[in-house]
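Data file: entry.txt. Format and content: compact mmCIF, C-alpha atoms.
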# COMPACT_ATOMS: atom_id res chain seq x y z
CA LEU A 1 73.47 32.07 -40.26
CA ALA A 2 73.08 30.39 -43.65
CA GLY A 3 69.30 30.61 -43.33
CA ILE A 4 69.48 34.30 -42.47
CA ALA A 5 71.80 34.91 -45.44
CA ALA A 6 69.40 33.08 -47.76
CA LYS A 7 66.47 35.15 -46.52
CA GLN A 8 68.49 38.34 -46.97
CA ALA A 9 69.29 37.32 -50.55
CA ARG A 10 65.60 36.64 -51.25
CA PHE A 11 64.70 40.00 -49.72
CA SER A 12 67.26 41.77 -51.91
CA ILE A 13 65.82 40.14 -55.03
CA ARG A 14 62.07 40.21 -54.43
CA GLY A 15 61.43 42.25 -51.29
CA GLU A 16 59.89 41.09 -48.06
CA SER A 17 56.63 39.29 -47.49
CA LEU A 18 54.34 39.03 -44.49
CA LYS A 19 55.36 35.37 -44.19
CA ASP A 20 59.05 36.39 -43.97
CA ILE A 21 58.28 38.97 -41.30
CA GLN A 22 56.21 36.56 -39.23
CA ALA A 23 58.90 33.88 -39.48
CA ALA A 24 61.58 36.35 -38.37
CA ARG A 25 59.38 37.50 -35.49
CA ASP A 26 58.72 33.94 -34.34
CA LYS A 27 62.41 33.01 -34.54
CA ALA A 28 63.46 36.14 -32.65
CA LEU A 29 60.88 35.56 -29.91
CA ALA A 30 61.97 31.95 -29.52
CA LEU A 31 65.62 33.02 -29.25
CA ALA A 32 64.82 35.79 -26.78
CA THR A 33 62.74 33.68 -24.40
CA GLY A 34 64.52 33.56 -21.06
CA LEU A 35 67.15 36.17 -21.91
CA LEU A 36 67.80 39.03 -19.54
CA ALA A 37 66.63 42.42 -20.79
CA ALA A 38 70.00 43.88 -19.72
CA ASP A 39 71.78 41.38 -21.98
CA ILE A 40 69.71 42.48 -24.99
CA LYS A 41 70.71 46.09 -24.36
CA ALA A 42 74.37 45.04 -24.15
CA LEU A 43 73.93 43.06 -27.37
CA GLY A 44 72.45 46.17 -29.00
CA GLN A 45 75.58 48.10 -28.06
CA GLU A 46 77.80 45.40 -29.58
CA VAL A 47 75.72 45.25 -32.75
CA TYR A 48 75.94 49.01 -33.10
CA ASP A 49 79.69 49.08 -32.55
CA GLU A 50 80.50 46.11 -34.78
CA ILE A 51 77.96 46.44 -37.58
CA ILE A 52 75.74 49.51 -37.65
CA ALA A 53 78.29 52.27 -36.97
CA SER A 54 80.31 51.46 -40.08
CA ARG A 55 77.19 51.05 -42.23
CA THR A 56 75.45 54.25 -41.26
CA TRP A 57 75.12 56.29 -44.43
CA PRO A 58 76.69 59.73 -43.89
CA GLY A 59 73.64 61.33 -45.53
CA THR A 60 71.41 59.81 -42.87
CA ARG A 61 73.56 61.30 -40.14
CA ALA A 62 73.62 64.68 -41.93
CA LEU A 63 69.81 64.72 -42.24
CA ALA A 64 69.37 63.86 -38.58
CA ASP A 65 71.88 66.53 -37.56
CA GLN A 66 70.14 69.08 -39.80
CA HIS A 67 66.79 68.39 -38.15
CA LEU A 68 68.28 68.40 -34.66
CA GLY A 69 70.17 71.62 -35.39
CA GLY A 70 66.88 73.21 -36.46
CA GLY A 71 65.37 72.41 -33.08
CA ARG A 72 63.34 69.43 -34.29
CA ARG A 73 63.05 66.16 -32.42
CA VAL A 74 64.29 63.11 -34.32
CA TRP A 75 63.01 59.64 -33.50
CA LEU A 76 64.20 56.32 -34.86
CA VAL A 77 61.17 54.15 -35.65
CA SER A 78 62.25 50.61 -36.42
CA ALA A 79 61.21 46.96 -36.06
CA PRO A 80 64.12 45.69 -33.91
CA PRO A 81 63.59 45.40 -30.15
CA VAL A 82 63.09 48.81 -28.60
CA GLU A 83 66.17 48.22 -26.44
CA VAL A 84 68.33 47.88 -29.57
CA ALA A 85 66.63 50.81 -31.32
CA ALA A 86 67.26 52.95 -28.22
CA VAL A 87 70.99 52.17 -28.34
CA ILE A 88 71.13 53.18 -32.01
CA ALA A 89 69.21 56.40 -31.34
CA GLU A 90 71.42 57.23 -28.36
CA ARG A 91 74.63 56.62 -30.31
CA LEU A 92 73.38 58.81 -33.16
CA GLY A 93 72.34 61.57 -30.77
CA LEU A 94 68.65 61.27 -31.66
CA THR A 95 65.76 62.25 -29.42
CA GLY A 96 64.56 58.70 -28.89
CA ALA A 97 63.44 55.47 -30.46
CA LEU A 98 60.37 53.36 -31.02
CA GLY A 99 60.82 49.65 -31.58
CA THR A 100 59.16 46.30 -31.09
CA VAL A 101 58.39 45.71 -27.43
CA GLY A 102 58.99 42.28 -25.97
CA GLU A 103 57.21 41.32 -22.79
CA ILE A 104 59.53 41.28 -19.79
CA GLU A 105 58.77 39.71 -16.42
CA ASP A 106 61.28 40.00 -13.59
CA GLY A 107 63.91 41.32 -16.02
CA VAL A 108 63.55 38.32 -18.36
CA TYR A 109 61.94 38.12 -21.82
CA THR A 110 58.86 35.88 -21.86
CA GLY A 111 58.86 35.20 -25.60
CA ARG A 112 55.70 37.26 -26.14
CA LEU A 113 55.23 40.71 -27.64
CA VAL A 114 53.50 43.71 -26.12
CA GLY A 115 51.46 44.79 -29.14
CA ASP A 116 52.62 44.10 -32.68
CA ILE A 117 56.04 43.99 -34.30
CA LEU A 118 56.78 47.61 -35.25
CA HIS A 119 56.39 47.18 -38.99
CA GLY A 120 54.05 48.48 -41.66
CA PRO A 121 50.77 49.83 -40.24
CA ALA A 122 52.02 49.30 -36.66
CA LYS A 123 54.65 51.99 -37.24
CA ALA A 124 51.95 54.47 -38.18
CA VAL A 125 49.96 53.62 -35.04
CA ALA A 126 53.05 54.00 -32.82
CA VAL A 127 54.00 57.32 -34.42
CA ARG A 128 50.46 58.65 -34.05
CA GLU A 129 50.58 57.74 -30.33
CA LEU A 130 54.00 59.39 -30.02
CA ALA A 131 52.66 62.54 -31.70
CA VAL A 132 49.81 62.73 -29.19
CA ARG A 133 52.16 62.19 -26.21
CA GLU A 134 54.74 64.71 -27.48
CA GLY A 135 52.26 67.27 -28.85
CA LEU A 136 53.57 66.93 -32.41
CA ASP A 137 51.66 68.20 -35.44
CA LEU A 138 52.13 65.38 -37.95
CA ALA A 139 51.38 67.77 -40.83
CA ARG A 140 54.65 69.53 -39.92
CA CYS A 141 56.66 66.33 -39.39
CA TRP A 142 59.06 64.48 -41.68
CA ALA A 143 59.40 60.74 -42.18
CA TYR A 144 62.08 58.93 -44.16
CA SER A 145 61.83 55.37 -45.42
CA ASP A 146 63.40 52.86 -47.77
CA SER A 147 60.51 50.39 -47.77
CA PHE A 148 57.07 50.10 -49.35
CA ASN A 149 55.91 48.79 -45.98
CA ASP A 150 56.25 52.29 -44.55
CA VAL A 151 53.60 53.80 -46.83
CA PRO A 152 51.15 54.05 -43.88
CA LEU A 153 53.77 56.03 -41.94
CA LEU A 154 54.74 58.19 -44.89
CA SER A 155 51.08 58.91 -45.67
CA MET A 156 50.41 60.48 -42.29
CA VAL A 157 53.15 63.13 -42.23
CA GLY A 158 53.35 66.40 -44.09
CA ASN A 159 56.86 65.73 -45.40
CA PRO A 160 57.28 62.11 -46.51
CA VAL A 161 60.56 61.07 -48.11
CA ALA A 162 60.99 57.70 -49.78

Go ahead and express the file in the form of structure tokens.
Amino acid sequence: LAGIAAKQARFSIRGESLKDIQAARDKALALATGLLAADIKALGQEVYDEIIASRTWPGTRALADQHLGGGRRVWLVSAPPVEVAAVIAERLGLTGALGTVGEIEDGVYTGRLVGDILHGPAKAVAVRELAVREGLDLARCWAYSDSFNDVPLLSMVGNPVA
């Protein structure tokens, strides 16, 4: 936990680096190896209840509700495991979620990824694929971000918000 806190402090001061992201990915994959996929989903529910719910900015919820109320689909696109992102999206009443996909064999994480960690340019690729599957016109879509790493995502939609 001390190491995670130190990395969070460095991130707050200077931002993230590719090295930080790769190190976090490698650590997460090592920790996940051999875990049951069902346990990760349960962990996602605990994390939401104990941490995320109280830290969700009311403005974020209001924006999502505004879009949903206008008949738009709202997707969470985030780097955590897709199982965790799906819990967050479900709890917030969103349409769905895209997240990093860990390889699962016989219900157990192998410690390998399917594709890339959903970060930076990989988010843009995943959203483009989602748009094709869902028949979305990206020129009419919105994207919200708090990170420079989402510039590829923000650049491909008609309504980017930083």

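Note that the spacing between CA of Ala143 (chain A) and CA of Val157 (chain A) amounts to 6.7 Å.
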
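Among the candidate residues A:Glu46, A:Leu94, A:Ile51, A:Met156, the one lying nearest to Asp65 (chain A) is A:Leu94, with distances computed using only C-alpha atoms.
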
How close does region 66-114 of chain A get to region 119-123 of chain A? List, as JSON lines, each residue of region 66-114 of chain A within 9 Å, its nearest atom pair and the distance in Å to one decimal, counting only C-alpha atoms.
{"residue": "A:Val77", "atom": "CA", "partner": "A:Lys123", "partner_atom": "CA", "distance": 7.1}
{"residue": "A:Ser78", "atom": "CA", "partner": "A:His119", "partner_atom": "CA", "distance": 7.3}
{"residue": "A:Ala79", "atom": "CA", "partner": "A:His119", "partner_atom": "CA", "distance": 5.6}
{"residue": "A:Leu98", "atom": "CA", "partner": "A:Lys123", "partner_atom": "CA", "distance": 8.6}
{"residue": "A:Gly99", "atom": "CA", "partner": "A:Lys123", "partner_atom": "CA", "distance": 8.7}
{"residue": "A:Thr100", "atom": "CA", "partner": "A:His119", "partner_atom": "CA", "distance": 8.4}

Take the residues just selected and output them with C-alpha atoms as a CSV table (one decimal), in the frame of the given file.
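Final output, selection_38.csv:
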chain,number,residue,atom,x,y,z
A,77,VAL,CA,61.2,54.2,-35.6
A,78,SER,CA,62.2,50.6,-36.4
A,79,ALA,CA,61.2,47.0,-36.1
A,98,LEU,CA,60.4,53.4,-31.0
A,99,GLY,CA,60.8,49.6,-31.6
A,100,THR,CA,59.2,46.3,-31.1

Original post:
Pick the closest to Glu90 (chain A) from A:Leu43, A:Ile104, A:Val74, A:Ile117: which is it, counting all atoms listed in the file?
Top reply: A:Val74

Original post:
Contacts of Pro80 (chain A) at 12 Å or less, counting only C-alpha atoms, minus same-chain residues fewer than 4 places along, as a PyMOL selection string?
Top reply: chain A and resi 21+24-25+28-29+40-41+44+47+76+84-88+97-102+113+116-119+123

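Closest approach to Arg73 (chain A) among A:Leu136, A:Ala42, A:Ala124, A:Leu153 is made by A:Leu136 (distances from all atoms listed in the file).
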
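Counting all atoms listed in the file, the residue from A:Asp137, A:Asp49, A:Asp150, A:Glu129 that sits nearest to Leu92 (chain A) is A:Asp49.
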
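Across the structure, CA of Val108 (chain A) and CA of Ala126 (chain A) are spaced 23.8 Å apart.
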
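Relative to CA of Trp142 (chain A), CA of Gly158 (chain A) is found at 6.5 Å.
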
Original post:
Using all atoms listed in the file, which residue out of A:Gly111, A:Leu138, A:Arg128, A:Arg61 lies closest to Lys27 (chain A)?
Top reply: A:Gly111

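The nearest approach to Glu103 (chain A) among the residues A:Pro58, A:Thr33, A:Arg72, A:Lys19, with only C-alpha atoms taken into account, belongs to A:Thr33.
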